[in-house]
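Here is the structure we will look at, set down as structure tokens.
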Amino acid sequence: MSAITLWLEGLVRRRAGRMMPAVLGVTLTVSLLAILGIFINASASTMTQRALGDVAVDWQIQIVPGADTAAVIKQLRSGAKVRTADMVGYANVTGFRATTGGTTQTTGAGKVLGIIPTYWKDFPAELRPMLGATEGVLIAQQTAANLHVAVGDSLSVIRTGMPPVKARVDGVIDLPQADALFQAIGVPPGASPQAPPDNVVVVPMATWHSWFDAPGVPQSAAAQMELHVRLDHTLPQDPGNAFVFVQRLARNFEARTAGSAIVGDNLAARLDGVREDALYARVLFLFLGLPGAILAMILTIAVSGTGGDRRRREQALLRVRGATTSAIIRLESLEGIVVAVLAALLAVIVTWLITRQMVAIAVGQRQTIIVMAIAVAVGIGTALGAVVAPAWRETRESSVRLGRSRIGREQSPFWERTWIDVILLIVAGGVYWRTAASGYQIVLAPEGVAQTSVSYGAFLAPLALWIGVGLLVTRLFRHGLTHGRSFLTWLVRPIAGGLAPIVAASASRQARLVTRGVVLVTLAFSFAVSTAVFNTTYNTQSAVDAALTNGSDVTVTGTTAYPAGPLLDGISKVAGVRAARAMMHRFAYVGSDLQDIYGIDPVAIADATDLSNAFFASNDAAGTMRLLASRHDGVLLSQETVNDFQLHLGDLVTLRVQSAKDHQYHAVAFHFIGVVREFPTAPKDSFILCNADYLAEVTGDPTREVVLIRGSVPPEQVAAAIRPVVAPLPGVRVSDLGSVMRAISSSLTAVDLHGLTWIELSYAILLIAAASGLVLGLGLIERRRDFALLAAMGASGRQIGSFLWTEGLMILISGMILGFATGFAIAKMLVKVLTGVFDPPPQSLTIPWVYLAVLILAGCASTILAVTIARTINRRQAIQALRTI
Amino acid sequence: MSDVLAEAVDAGRVFGDGDARVVALEHATCAIARGDRIALVGPSGSGKSTLLHLLASLDEPTSGVVRWPALGDKSTLRPSRISFVFQSESLLAPLTVLENIEVPRLLAGIRADVARGEASEILAALDLTALADKLPEEISGGQAQRAAVARSLVTRPDLILADEPTGQLDHAAANRLLDLLEERLKGTTTALVIATHDPAVAARMTTTWTIHHGVLT
């Protein structure tokens, strides 16, 4: 039997228990890295898939008048994998006219679309049926409201430069994607978006041709064709890569059609918007998870380090018997390999069990294999590094005796002499100050630009703080324990009693071991606390975001044609409704910028929704509402608008709002009274807030489109009770807080941290248990010879316990206090550095008290367990230990 | 008052069971009286350490009994009544030589300043003052054994059990150590039992017990 086989057999048969802590440490490292990698991939893939699902029409290809449509289609099909391509006719008209109930209504300019019969099936998200048929002449709901027409009524299409044509309304439809459907194709990036037309009629393609480009009909420049395309969605998983792929595909197509067609690339635009979220997701996953993996690696090395004495003895024996350095390294490597193989197997199983439960989307097998391979490679490196590196270092020692040294009066390490710890803390403070002062975004994905960038430099602050604190704690404890013996003696006297001088001396001489324990516990607690506080703050902000998005517990959103306001009385009487308030939602032009304008009752709106002080620049929600109520023509604008137009409080502002009489936008004067940052249901960017009565007065339309409801029972129940009441209203939407929150937390605009949170917080507890229990316990067991000697000298169990408890409590309490302080500081830094992921940014950190209590309990329980087990093992193995003396 | 400090009656000690069963000591009967100087001789693995461990109450016999008629209750034997000297370096690694010698006194509940004084005194008596602030890893094997002897003497015990204290020392160092012990015990009633396989060491004692394959003769 070769030496290697003999050694391996000995390891497996007699050292299995001793290797298990290292196996568990490497398992933690590998599985955490693998889970993170899989989550990053899954997250990117989910975002891409959701982005693809959101796009109603991938490409809107505008065919240049006079171009060969058949040639364009041929080029399209030859260059890209096309699933569907439908021709759609677009024609501008002067307006529409209808006579109903003895009056004639005429609208302003509008559009007539021509679609083929399969368009509904091919692009189901573009058109939504509301009343009547889905074939024939279909009128948009707002146009129907403007013309006062219903299904069966007639209308005239007033063509530009041609006589009007008459048509009978077959159905009323909604155009949910009107912005994209009527987008201006080929305009330069960054151009102001234009409002979709108010008046739209959709007709069969044959009818459209007969009206606008049939032979004999004068060709109108206002009529043109678009090709609506659905592409094959086999794209790269990462949104950034998918964006670049789709964008290049469109440019390639445009180049090949030589100016005959211009692509309105909705797919690329959607992916463009997701790229930033995907980068944030990657950054979040990495920065919240990676420290855990690094900590697991450090713990593995520390755990392996506790077997140093044993290894030194083994090596000394091998060297005495003539083993060469390479032979010793080979034999020691066996332990590392056994640890690595066992840990890799365990980690694969753990990863599979966890990801199987949490990642719903199928992850590309190749990527999973790459992630696992990297994680396992790191694990093997850690295992070998933890075992072989110390062995190699030992063999380099000049003598066996020196190798046995474990107390020593050592020289200060390089980092301590060069004050690297303090430098790192200064760097952390400097980078944090720069980030906090400038408020720049660390993730940049400029619209339309393929390149993205993540300013990983911003993470230098928390990283430098983490490492700096670790080193500073090392410095302080090593020096404090070595030179502060009197204080230490005083400190340990409650536990050690008369043995205090000896216990303090022992702890002082073992400053290296005690300090290692304190640093590990500090880092473990700081990781757990920072992760928990950040994640809780993030989730709280998601809830705030949901409340802002939905507006209230339950929100009923009507349309211009069918507003929800008239149903307010009925809604108020529904069981479970505590308060219901209606508000207007219209649009207004500020200069050339079209913004949402909300007309509210400032005195009563807070009955149905929560208004945070942070919503207003004055930081006083109630005061701002009182101010608005006192100023009939008062208006609250966003900060961006105020900056753009250099407004001052009290300025007269002219907005253009749509009049109910002629459906045209007219200038109306408002008085600027304050800045609004957020408001229930309002968009994230610019919007306007004013008195509902004044808006009704100047537009001639008192209807209120939205009803906000505060419930006395869970929002889902209120929503369910309200739905039957509002059901008769075509196009009405009832949303509750719970479902909006679920949608937000898994939407593209927010990264779902729940899965990661669960894993991280669980791993954090394990790491704390390992740091405060395993490392301490193994260290104490390793020193059982000393405790056996004490027992031989007559030390009672309580007296030996005072040595164990002093060390255990010193490590736990110091590590816990320092870890909590560092954790909160890092959480604060992370929130500042990652401000971009918060919408709205948090005003303060949210503290997960229960979880923090669990952390403390875990630390205490691990320490108690470690000391108890160490005492038991030391007592049981005392004789065995004495026989080796 | 009995003069028998410790006695074993038909004492045996078996380790493990089944195939791993090892009989370390069987039917051992012996007694140690005040002032005795006993050499316990036998080859390695003969059961010397096991018998000393039983007599020091560091271990329990699996058969027979071990008693301490003149020393009282078992729980009060160490550190004041019985001291043990091990065969290899047995100083506590994190403590200096002086602190190591203080430990038994502190364990006995003596005040720290008193313990420090006694430890310093014994170090001076044994000419070890220069080593007082040294850590065990900073001194030689012979110095460490002398310090261990100093630690065993500091409590002024009734019985010192020394398990091959010279086993790892050269002849000269071993002689110095034994001289030291004899000198310190001269005129006292402290009994000394030294386990050894060195005939020269055994020759310095007044009584010799021989042990072979766990059987004491």
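Residues in the structure tokens are numbered from 1 in each chain, the chains being A, B, ... in the order shown, and ligands are numbered from 1 in the order shown.
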Within 10 Å of Trp208 in chain A, counting only C-alpha atoms, which residues qualify if same-chain residues fewer than 2 places away don't, as a ChimeraX atom specification?
/A:88-91,112-115,202-206,210-214,223
Rows by chain and residue number, chain A within 6 Å of chain B, shortest pair, only C-alpha atoms, as a Markdown table:
```
| residue | atom | partner | partner_atom | distance |
| --- | --- | --- | --- | --- |
| A:Ser506 | CA | B:Pro94 | CA | 5.1 |
| A:Arg509 | CA | B:Pro94 | CA | 5.3 |
| A:Asp786 | CA | B:Leu92 | CA | 5.8 |
| A:Met793 | CA | B:Pro79 | CA | 5.3 |
| A:Gly794 | CA | B:Arg78 | CA | 4.4 |
| A:Ala795 | CA | B:Leu107 | CA | 5.9 |
| A:Ile885 | CA | B:Ser88 | CA | 5.5 |
```
For the structure I just gave you, how does DSSP split range 49-200 of chain B - specifically, which residues are helix (DSSP H, G or I)? Reply as a PDB file with C-alpha atoms, in the first residue's frame.
```pdb
ATOM      1  CA  SER B  49       1.615   6.186  33.949  1.00  0.00           C
ATOM      2  CA  THR B  50      -1.728   4.469  34.477  1.00  0.00           C
ATOM      3  CA  LEU B  51      -0.875   3.592  38.062  1.00  0.00           C
ATOM      4  CA  LEU B  52       0.357   7.135  38.767  1.00  0.00           C
ATOM      5  CA  HIS B  53      -2.811   8.613  37.229  1.00  0.00           C
ATOM      6  CA  LEU B  54      -4.918   6.415  39.511  1.00  0.00           C
ATOM      7  CA  LEU B  55      -2.872   7.352  42.563  1.00  0.00           C
ATOM      8  CA  LYS B  74     -10.788  12.892  46.978  1.00  0.00           C
ATOM      9  CA  SER B  75     -12.022  16.281  45.885  1.00  0.00           C
ATOM     10  CA  THR B  76      -9.391  18.107  47.929  1.00  0.00           C
ATOM     11  CA  LEU B  77      -6.352  16.168  46.716  1.00  0.00           C
ATOM     12  CA  ARG B  78      -5.210  18.590  44.047  1.00  0.00           C
ATOM     13  CA  PRO B  79      -3.668  21.093  43.872  1.00  0.00           C
ATOM     14  CA  SER B  80      -2.596  21.250  47.544  1.00  0.00           C
ATOM     15  CA  ARG B  81      -2.088  17.625  48.673  1.00  0.00           C
ATOM     16  CA  VAL B  97       7.077  30.476  33.857  1.00  0.00           C
ATOM     17  CA  LEU B  98       6.156  32.607  36.872  1.00  0.00           C
ATOM     18  CA  GLU B  99       2.460  32.536  36.012  1.00  0.00           C
ATOM     19  CA  ASN B 100       2.592  28.769  35.477  1.00  0.00           C
ATOM     20  CA  ILE B 101       3.920  28.369  38.988  1.00  0.00           C
ATOM     21  CA  GLU B 102       1.244  30.666  40.382  1.00  0.00           C
ATOM     22  CA  VAL B 103      -1.590  28.654  38.841  1.00  0.00           C
ATOM     23  CA  PRO B 104      -1.876  25.855  41.464  1.00  0.00           C
ATOM     24  CA  ARG B 105      -1.971  28.437  44.253  1.00  0.00           C
ATOM     25  CA  LEU B 106      -4.628  30.499  42.516  1.00  0.00           C
ATOM     26  CA  LEU B 107      -6.639  27.353  41.848  1.00  0.00           C
ATOM     27  CA  ALA B 112      -3.079  36.761  43.702  1.00  0.00           C
ATOM     28  CA  ASP B 113      -0.377  38.780  45.491  1.00  0.00           C
ATOM     29  CA  VAL B 114       0.330  35.947  47.921  1.00  0.00           C
ATOM     30  CA  ALA B 115       0.494  33.431  45.078  1.00  0.00           C
ATOM     31  CA  ARG B 116       2.864  35.714  43.187  1.00  0.00           C
ATOM     32  CA  GLY B 117       5.138  35.965  46.231  1.00  0.00           C
ATOM     33  CA  GLU B 118       5.259  32.215  46.772  1.00  0.00           C
ATOM     34  CA  ALA B 119       5.939  31.555  43.113  1.00  0.00           C
ATOM     35  CA  SER B 120       8.756  34.080  43.063  1.00  0.00           C
ATOM     36  CA  GLU B 121      10.209  32.547  46.200  1.00  0.00           C
ATOM     37  CA  ILE B 122      10.297  29.040  44.787  1.00  0.00           C
ATOM     38  CA  LEU B 123      11.776  30.298  41.517  1.00  0.00           C
ATOM     39  CA  ALA B 124      14.533  32.028  43.446  1.00  0.00           C
ATOM     40  CA  ALA B 125      15.125  28.914  45.537  1.00  0.00           C
ATOM     41  CA  THR B 129      14.360  33.682  38.507  1.00  0.00           C
ATOM     42  CA  ALA B 130      15.898  34.510  35.143  1.00  0.00           C
ATOM     43  CA  LEU B 131      13.198  32.431  33.473  1.00  0.00           C
ATOM     44  CA  PRO B 136       7.392  27.964  27.758  1.00  0.00           C
ATOM     45  CA  GLU B 137       8.237  28.024  24.051  1.00  0.00           C
ATOM     46  CA  GLU B 138      11.145  30.342  24.805  1.00  0.00           C
ATOM     47  CA  GLY B 141      13.245  21.248  27.661  1.00  0.00           C
ATOM     48  CA  GLY B 142      15.387  20.937  30.778  1.00  0.00           C
ATOM     49  CA  GLN B 143      14.413  24.406  31.975  1.00  0.00           C
ATOM     50  CA  ALA B 144      10.750  23.597  31.342  1.00  0.00           C
ATOM     51  CA  GLN B 145      11.000  20.431  33.443  1.00  0.00           C
ATOM     52  CA  ARG B 146      12.664  22.372  36.271  1.00  0.00           C
ATOM     53  CA  ALA B 147       9.860  24.881  36.093  1.00  0.00           C
ATOM     54  CA  ALA B 148       7.352  22.014  36.198  1.00  0.00           C
ATOM     55  CA  VAL B 149       9.074  20.684  39.322  1.00  0.00           C
ATOM     56  CA  ALA B 150       8.920  24.165  40.835  1.00  0.00           C
ATOM     57  CA  ARG B 151       5.201  24.212  40.111  1.00  0.00           C
ATOM     58  CA  SER B 152       4.785  20.859  41.849  1.00  0.00           C
ATOM     59  CA  LEU B 153       6.654  22.111  44.897  1.00  0.00           C
ATOM     60  CA  HIS B 171      22.049  12.469  31.876  1.00  0.00           C
ATOM     61  CA  ALA B 172      23.446  15.702  33.368  1.00  0.00           C
ATOM     62  CA  ALA B 173      20.158  17.542  33.204  1.00  0.00           C
ATOM     63  CA  ALA B 174      18.356  14.572  34.701  1.00  0.00           C
ATOM     64  CA  ASN B 175      20.788  14.497  37.613  1.00  0.00           C
ATOM     65  CA  ARG B 176      20.385  18.233  38.208  1.00  0.00           C
ATOM     66  CA  LEU B 177      16.626  17.828  38.289  1.00  0.00           C
ATOM     67  CA  LEU B 178      16.761  14.950  40.779  1.00  0.00           C
ATOM     68  CA  ASP B 179      19.267  16.841  42.927  1.00  0.00           C
ATOM     69  CA  LEU B 180      16.863  19.718  42.995  1.00  0.00           C
ATOM     70  CA  LEU B 181      13.954  17.553  44.053  1.00  0.00           C
ATOM     71  CA  GLU B 182      15.881  15.766  46.736  1.00  0.00           C
ATOM     72  CA  GLU B 183      17.224  19.007  48.102  1.00  0.00           C
ATOM     73  CA  ARG B 184      13.810  20.628  48.304  1.00  0.00           C
ATOM     74  CA  LEU B 185      12.250  17.553  49.915  1.00  0.00           C
ATOM     75  CA  PRO B 199      18.159   2.293  36.647  1.00  0.00           C
ATOM     76  CA  ALA B 200      20.293   5.286  37.674  1.00  0.00           C
TER      77      ALA B 200
END
```
Quick one: residues within 10 Å of Leu778 in chain A, only C-alpha atoms, excluding same-chain residues fewer than 2 positions away - as a VMD selection string?
chain A and resid 18 21 302 to 307 773 to 776 780 to 784 866 to 867 869 to 870
Contacts of Ser618 in chain A within 10 Å, only C-alpha atoms, excl. fewer than 3 positions in-chain, as a PyMOL selection string
chain A and resi 613-615+621+623-624+674-676
Prev. selection, N, CA and C atoms, output as an mmCIF file, in the first residue's frame:
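Output saved as selection_14.cif:
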```cif
data_model
loop_
_atom_site.group_PDB
_atom_site.id
_atom_site.type_symbol
_atom_site.label_atom_id
_atom_site.label_comp_id
_atom_site.auth_asym_id
_atom_site.auth_seq_id
_atom_site.Cartn_x
_atom_site.Cartn_y
_atom_site.Cartn_z
ATOM 1 N N ASN A 613 -45.167 63.436 4.072
ATOM 2 C CA ASN A 613 -44.525 64.759 4.009
ATOM 3 C C ASN A 613 -43.468 64.805 2.923
ATOM 4 N N ALA A 614 -42.839 63.622 2.677
ATOM 5 C CA ALA A 614 -41.767 63.573 1.681
ATOM 6 C C ALA A 614 -42.284 63.813 0.263
ATOM 7 N N PHE A 615 -43.596 63.745 0.079
ATOM 8 C CA PHE A 615 -44.142 63.967 -1.272
ATOM 9 C C PHE A 615 -43.945 65.421 -1.729
ATOM 10 N N ALA A 621 -47.095 67.811 4.220
ATOM 11 C CA ALA A 621 -48.200 67.438 3.345
ATOM 12 C C ALA A 621 -49.482 68.197 3.718
ATOM 13 N N GLY A 623 -49.865 70.982 5.387
ATOM 14 C CA GLY A 623 -49.725 72.418 5.116
ATOM 15 C C GLY A 623 -49.874 72.714 3.632
ATOM 16 N N THR A 624 -49.269 71.865 2.798
ATOM 17 C CA THR A 624 -49.345 72.082 1.348
ATOM 18 C C THR A 624 -50.784 71.928 0.855
ATOM 19 N N GLY A 674 -46.130 75.636 -5.120
ATOM 20 C CA GLY A 674 -45.244 74.681 -4.431
ATOM 21 C C GLY A 674 -44.751 73.574 -5.341
ATOM 22 N N VAL A 675 -43.827 72.774 -4.787
ATOM 23 C CA VAL A 675 -43.218 71.686 -5.563
ATOM 24 C C VAL A 675 -43.713 70.349 -5.018
ATOM 25 N N VAL A 676 -44.155 69.500 -5.925
ATOM 26 C CA VAL A 676 -44.607 68.168 -5.545
ATOM 27 C C VAL A 676 -43.612 67.149 -6.112
#
```
Running DSSP on the backbone, which parts of range 50-103 of chain B land in strand (DSSP E), as a ChimeraX atom specification?
/B:63-67,82-85
Requested write-out: C-alpha atoms of the selected residues, as a CSV table (one decimal), in the first residue's frame:
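File produced: again19.csv:
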```
chain,number,residue,atom,x,y,z
B,63,SER,CA,-11.7,-2.6,39.2
B,64,GLY,CA,-10.5,-2.5,42.7
B,65,VAL,CA,-10.1,0.7,44.8
B,66,VAL,CA,-7.7,3.6,45.3
B,67,ARG,CA,-7.8,5.5,48.6
B,82,ILE,CA,-0.9,15.9,45.6
B,83,SER,CA,1.3,17.3,42.8
B,84,PHE,CA,1.9,15.7,39.5
B,85,VAL,CA,5.0,16.1,37.2
```
For CA of Thr537 in chain A and CA of Leu845 in chain A, quote the distance in Å rounded to one decimal.
5.6 Å
By how many Å are CA of Ala22 in chain A and CA of Val339 in chain A apart?
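Going from CA of Ala22 in chain A over to CA of Val339 in chain A covers 6.7 Å.
As for CA of Ala458 in chain A and CA of Pro236 in chain A, they are spaced 28.4 Å apart.
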